[in-house]
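**Q** Sharing a structure here in structure tokens format.
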Amino acid sequence: MNSGSVLGIFDSAELLVNAIPRVKAKAQGRLEAYTPYPIEGIDKLLGLRKSPIGGMVLIMGVIGAISTILFELWTSGIDYPLTTAGKPHLSWEAFIPIMFEVTVLFATFTAGLGMLLLLNRLPMFRDPMLSAKSMPLITRDKFALAVEFSGSDLDVDSITKLFQQAGAGQVEVIAKPAPVGAVSPNFFAGLFATIAVSCVIAGLLMYWAIKLFPVSPPISHMLVQPRLNSQRADGFFKNGFGMRLPVAGTVRRGAVSYSITSQENAAGLVNPYPRTNEILNQGRRTYNTYCSVCHGILGDGHPMLTAAYGAKPANLVSQQMIDLRDGEVYHVIRMGRNAMPSYTADLAENERWATVHYIRTLQRAMNARDDDIK
Amino acid sequence: MNKQTDKRLAATAALGLIGIIAAGLVFGWSRFWANWILWFLFLLTIGLGSLFIVALEHVVGARWSIPLRRVPERLSSLAVLMGPAALLALFSLHFLYPWTKPENLQNPVMAGKAVWLNERFFIWRVIGCVVLWAIAYWVFVSGSVRQDRDHNPSFNLRARRLAPLFMVVFGITITIVAFDWISSLEPEWYSDIFGVYIFAGTFLAGLAATTLTVLYLKSKGRLPEIKPDHIYNLGGFLFAFTVFWSYIGFAQYLLMWYANLPEEVLWYKERLQGAWGPLLLVLAIFHFLVPFFLLIPREAKSNPKFLFWTAAFILFSHWLDLYWMIFPVLGHGMHLGWPELSFGFFSIGGVLLWIRHSMSRGADMPVGDPFLREGLGFRL
């Protein structure tokens, strides 16, 4: 017999508890107690090692917390910064609830699954202890102390004697291999590793799929919804536009009052902004956004819209326009002219003047002279 | 009973009293009253928290805590002791509470709250709360002390029947404490969860004070039958309720931060400015992170010395929490100096003296409780 266990059956918990130190002193092999109800302090007497479950839970909880924070930082800070309710993208406040939940999730799953699967080796098909003859008694009113041995040549007789001296009413020897789980701990390690790796791979695949086929967004609740789209026709309003025009008389925030009514009178206005790189860039941005649709990217009055648009936008780089004073150009932007809309509501003061600067740049560039090249 | 300790405590309190009066004369009465409110609430929350622990035991029929019960029972006398302090604190109304100023009735928010926040109703509420607490003290504590002598189990029945009622009374009065004494310092502020927040701090303060006292008595050789198992439970409670406090505190902050409504965020804005912002960080560390990580290990929760200092630390953090809520209303930066210290000397010296004396009367355990044996046999 090279593995199994010797069971000493005691009549009371007290006898059992008293027997433990005596048996422990003499017998080698692992001690285990089987009792119908939990006995206070018995784990210390048996010298069972402290359960690692607490440490496991702590570690997994911390991993859950840290990985969630990193994930949230990456998604909302780096990969897909989405402004929500005007908050900064990296708002730690918004991360906390999710971090909290994931921490709890990791911790409880580790506690539950770790205890059942890793430490208790469940599911288990058979445990040789269950086939012990004294087992029915142990579940009722008897208390058993077991010395487990494996591989070593244990002196069964001396242990039997030891038990009897310690007050055991019965001694039973079970010659069976140590309990075997239906699946080995390695299996679970492998299973968890496979799940973890598949999660990562699936996540990456999903990520690339979305990047490669942007036409099929995975979640489209927000795209498909009844709403008015700007720049689109829509039957909701009477005029058939999806977009609303600003109410008459709307001015831009921080507007300065302007009382000049005719273009000639505006000729005296001086552009208050210097012609710096920054201002010219600002002018280009404004011009390309607001003016190029009608006047063309180059200012020559040949935009892509011409055919569809009835009126004829001015050629901004013609001599006639070069001769216009800054103030006159400004006045047109501010007040509009015939088919040209007014930009009172859309543009800020500095944007208007920057555009004037930029138009001058276009005029100079479109009327380049040979000696410019030298 | 050590006479010398008594003398020292009395001297500390007397020194504090002199400091208090001097502080009032030197720094003006607003700061004096702010200190008064701060220390009054600090002691009141300890008392109410202890009273809550006592009643909680009766509600759930807990046995393990019976051997410890005399401690929170004695501590809850603070709730009664603070009755006169609450009445005196009524003098602070005109110094600290903006809604008492008639011109503030122009303010639509304060005008809207005037139904609740007017002096007459306020005073009645204070009196009502004080009376209710005194009745609860009489029912649960005086009854329990009487049982020491007559061993009459009918007390247990009565306490069990009345404790659920007290839970309702407690829930309402603690919310009134929170709304009236603290949040009405800034009457334009709205927070519905504030009562729960103060409750979390109150319960934690009661637990920490109970733990401190139990461990102190045990170190002096009293309460010898208290096992590590009992102490472990106290540690577990402390751990759980630091988390609860943080949960509620953060829940309040998060929702306000998300909604970003002026009537909610201004309170925080004020308490994040200047030195108050770093203090909030310190509070989060002291009131949550430190006790949380200290109390995780099993050994920490049953090691008397370790738990003693952790509980003291939690109690200090509770004080800091109240300080952070109350003192910003004084404006002009952070006030922390000898006036606060004098109040501390006076309150802590006086209260320790009081508790020592009340703990020296009668038995250290509810010896008349029929379930005491069961409680003593408690094992984890």
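Residues in the structure tokens are numbered from 1 in each chain, the chains being A, B, ... in the order shown, and ligands are numbered from 1 in the order shown.
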I need the residues of stretch 58-227 of chain A that end up classed as strand (DSSP E) by DSSP on the backbone, written out as a list of chain:residue names.
**A**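 Going through stretch 58-227 of chain A, the strand (DSSP E) residues come out as A:Phe143, A:Ala144, A:Leu145, A:Ala146, A:Val147, A:Glu148, A:Phe149, A:Ser150, A:Gln170, A:Val171, A:Glu172, A:Val173, A:Ile174.
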**Q** Pull the closest atom pair for each residue of chain B that gets at most 10 Å from chain A, along with the distance in Å to one decimal, counting only C-alpha atoms, ordering rows by chain and then ascending residue number, as JSON lines.
**A**
{"residue": "B:Tyr247", "atom": "CA", "partner": "A:Pro97", "partner_atom": "CA", "distance": 9.8}
{"residue": "B:Phe250", "atom": "CA", "partner": "A:Glu93", "partner_atom": "CA", "distance": 8.9}
{"residue": "B:Ala251", "atom": "CA", "partner": "A:Pro97", "partner_atom": "CA", "distance": 9.0}
{"residue": "B:Tyr253", "atom": "CA", "partner": "A:Glu93", "partner_atom": "CA", "distance": 8.7}
{"residue": "B:Leu254", "atom": "CA", "partner": "A:Glu93", "partner_atom": "CA", "distance": 6.4}
{"residue": "B:Leu255", "atom": "CA", "partner": "A:Glu93", "partner_atom": "CA", "distance": 9.7}
{"residue": "B:Trp257", "atom": "CA", "partner": "A:Glu93", "partner_atom": "CA", "distance": 8.0}
{"residue": "B:Tyr258", "atom": "CA", "partner": "A:Ala85", "partner_atom": "CA", "distance": 7.7}
{"residue": "B:Ala259", "atom": "CA", "partner": "A:Ala85", "partner_atom": "CA", "distance": 8.4}
{"residue": "B:Asn260", "atom": "CA", "partner": "A:Ala85", "partner_atom": "CA", "distance": 9.3}
{"residue": "B:Ile296", "atom": "CA", "partner": "A:Leu58", "partner_atom": "CA", "distance": 8.8}
{"residue": "B:Pro297", "atom": "CA", "partner": "A:Gly54", "partner_atom": "CA", "distance": 8.2}
{"residue": "B:Arg298", "atom": "CA", "partner": "A:Gly54", "partner_atom": "CA", "distance": 8.9}
{"residue": "B:Arg379", "atom": "CA", "partner": "A:Glu40", "partner_atom": "CA", "distance": 7.0}
{"residue": "B:Leu380", "atom": "CA", "partner": "A:Glu40", "partner_atom": "CA", "distance": 7.9}
**Q** Would you save the residues from that selection as a compact mmCIF listing (two decimals), in the first residue's frame, using N, CA and C atoms?
**A**
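Output file part_12.txt follows:
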# COMPACT_ATOMS: atom_id res chain seq x y z
N TYR B 247 -17.90 55.66 -0.49
CA TYR B 247 -18.86 55.41 -1.56
C TYR B 247 -19.86 56.55 -1.64
N PHE B 250 -18.17 59.93 -2.57
CA PHE B 250 -17.85 60.03 -3.99
C PHE B 250 -19.12 60.11 -4.83
N ALA B 251 -20.16 59.37 -4.42
CA ALA B 251 -21.41 59.41 -5.18
C ALA B 251 -21.94 60.84 -5.23
N TYR B 253 -20.20 63.61 -4.92
CA TYR B 253 -19.32 64.43 -5.75
C TYR B 253 -19.54 64.13 -7.24
N LEU B 254 -19.60 62.82 -7.58
CA LEU B 254 -19.65 62.43 -8.99
C LEU B 254 -20.88 63.01 -9.68
N LEU B 255 -22.03 62.87 -9.02
CA LEU B 255 -23.26 63.34 -9.66
C LEU B 255 -23.23 64.84 -9.86
N TRP B 257 -20.56 66.67 -10.13
CA TRP B 257 -19.56 66.96 -11.15
C TRP B 257 -20.14 66.73 -12.54
N TYR B 258 -20.91 65.66 -12.71
CA TYR B 258 -21.50 65.37 -14.01
C TYR B 258 -22.50 66.43 -14.42
N ALA B 259 -23.42 66.74 -13.49
CA ALA B 259 -24.50 67.65 -13.85
C ALA B 259 -24.00 69.08 -13.98
N ASN B 260 -23.00 69.42 -13.15
CA ASN B 260 -22.37 70.73 -13.25
C ASN B 260 -23.37 71.86 -13.10
N ILE B 296 -7.24 45.71 5.63
CA ILE B 296 -7.48 44.53 4.78
C ILE B 296 -7.04 43.23 5.46
N PRO B 297 -5.82 43.16 5.98
CA PRO B 297 -5.40 41.85 6.51
C PRO B 297 -6.23 41.41 7.71
N ARG B 298 -6.43 40.11 7.80
CA ARG B 298 -7.21 39.54 8.88
C ARG B 298 -6.56 39.87 10.23
N ARG B 379 -17.77 32.93 18.52
CA ARG B 379 -16.55 32.63 17.76
C ARG B 379 -16.81 32.92 16.30
N LEU B 380 -15.78 33.30 15.64
CA LEU B 380 -15.95 33.63 14.22
C LEU B 380 -16.33 32.40 13.41
**Q** Which residues are close to stretch 19-34 of chain B, i.e. within 12 Å by only C-alpha atoms, leaving aside same-chain residues fewer than 6 positions away? Reply as a compact mmCIF listing (two decimals) with C-alpha atoms, in the first residue's frame.
**A**
# COMPACT_ATOMS: atom_id res chain seq x y z
CA THR B 12 -6.43 70.18 30.02
CA ALA B 13 -10.10 71.07 29.78
CA PHE B 40 -20.21 70.05 18.98
CA LEU B 41 -20.91 68.05 15.85
CA ALA B 85 -24.39 72.43 23.62
CA ALA B 86 -26.94 72.41 20.80
CA LEU B 88 -26.05 77.19 23.17
CA ALA B 89 -25.10 76.72 19.53
CA LEU B 90 -28.31 78.53 18.64
CA PHE B 91 -26.39 81.73 19.41
CA SER B 92 -24.21 80.98 16.40
CA LEU B 93 -27.13 81.41 14.01
CA HIS B 94 -26.58 85.12 13.47
CA PHE B 95 -22.84 84.74 13.10
CA LEU B 96 -22.63 81.85 10.68
CA TYR B 97 -25.94 81.15 9.00
CA TRP B 181 -26.20 72.51 11.16
CA ILE B 182 -23.93 71.85 8.18
CA LEU B 185 -24.26 77.13 6.42
CA LEU B 322 -16.27 68.04 9.50
CA TYR B 323 -13.57 70.70 9.49
CA TRP B 324 -13.40 70.61 5.70
CA MET B 325 -17.17 71.05 5.47
CA ILE B 326 -17.65 73.75 8.08
CA PHE B 327 -14.60 76.00 8.07
CA PRO B 328 -14.59 77.22 4.47
CA VAL B 329 -17.64 79.36 5.28
CA LEU B 330 -15.42 81.65 7.35
CA GLY B 331 -13.66 82.70 4.16
CA HIS B 332 -10.16 84.19 4.02
CA MET B 334 -7.75 78.22 6.22
CA HIS B 335 -8.07 78.87 9.93
CA LEU B 336 -6.14 76.42 12.01
CA GLY B 337 -4.37 77.56 15.12
CA TRP B 338 -4.57 77.81 18.86
CA PRO B 339 -8.30 78.63 18.95
CA GLU B 340 -9.02 75.28 17.29
CA LEU B 341 -6.51 73.62 19.58
CA SER B 342 -8.08 75.17 22.67
CA PHE B 343 -11.47 73.88 21.63
CA GLY B 344 -9.87 70.49 21.12
CA PHE B 345 -8.33 70.55 24.60
CA PHE B 346 -11.57 71.58 26.15
CA SER B 347 -13.79 69.10 24.31
**Q** Would you mind reading off the distance between atom CA of B:Phe179 and atom CA of B:Ile37, one decimal, in Å?
**A**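 Interatomic distance here is 13.3 Å.
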**Q** Please indicate the distance in Å from atom CA of B:Ser317 to atom CA of B:Lys220, rounded to one decimal place.
**A**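 Distance between the two atoms: 25.8 Å.
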**Q** I'd like to know which of A:Val17, A:Ser67, A:Met124, A:Gly283 is closest to A:Ala168, using only C-alpha atoms.
**A**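 Once distances to A:Ala168 are computed over only C-alpha atoms, the minimum belongs to A:Val17.
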**Q** When you look at A:Leu45 with a cut-off of 9 Å (counting only C-alpha atoms), what residues show up, excluding the ones that are within fewer than 2 positions of it in the same chain? I need them as a PyMOL selection string.
**A** chain A and resi 17+20-21+41-43+47-48
**Q** Excluding same-chain residues fewer than 4 positions from A:Gly296, what lies within 10 Å of it counting only C-alpha atoms, as an MDAnalysis selection string?
**A** chainID A and resid 287:288 291:292 300:306 313:316
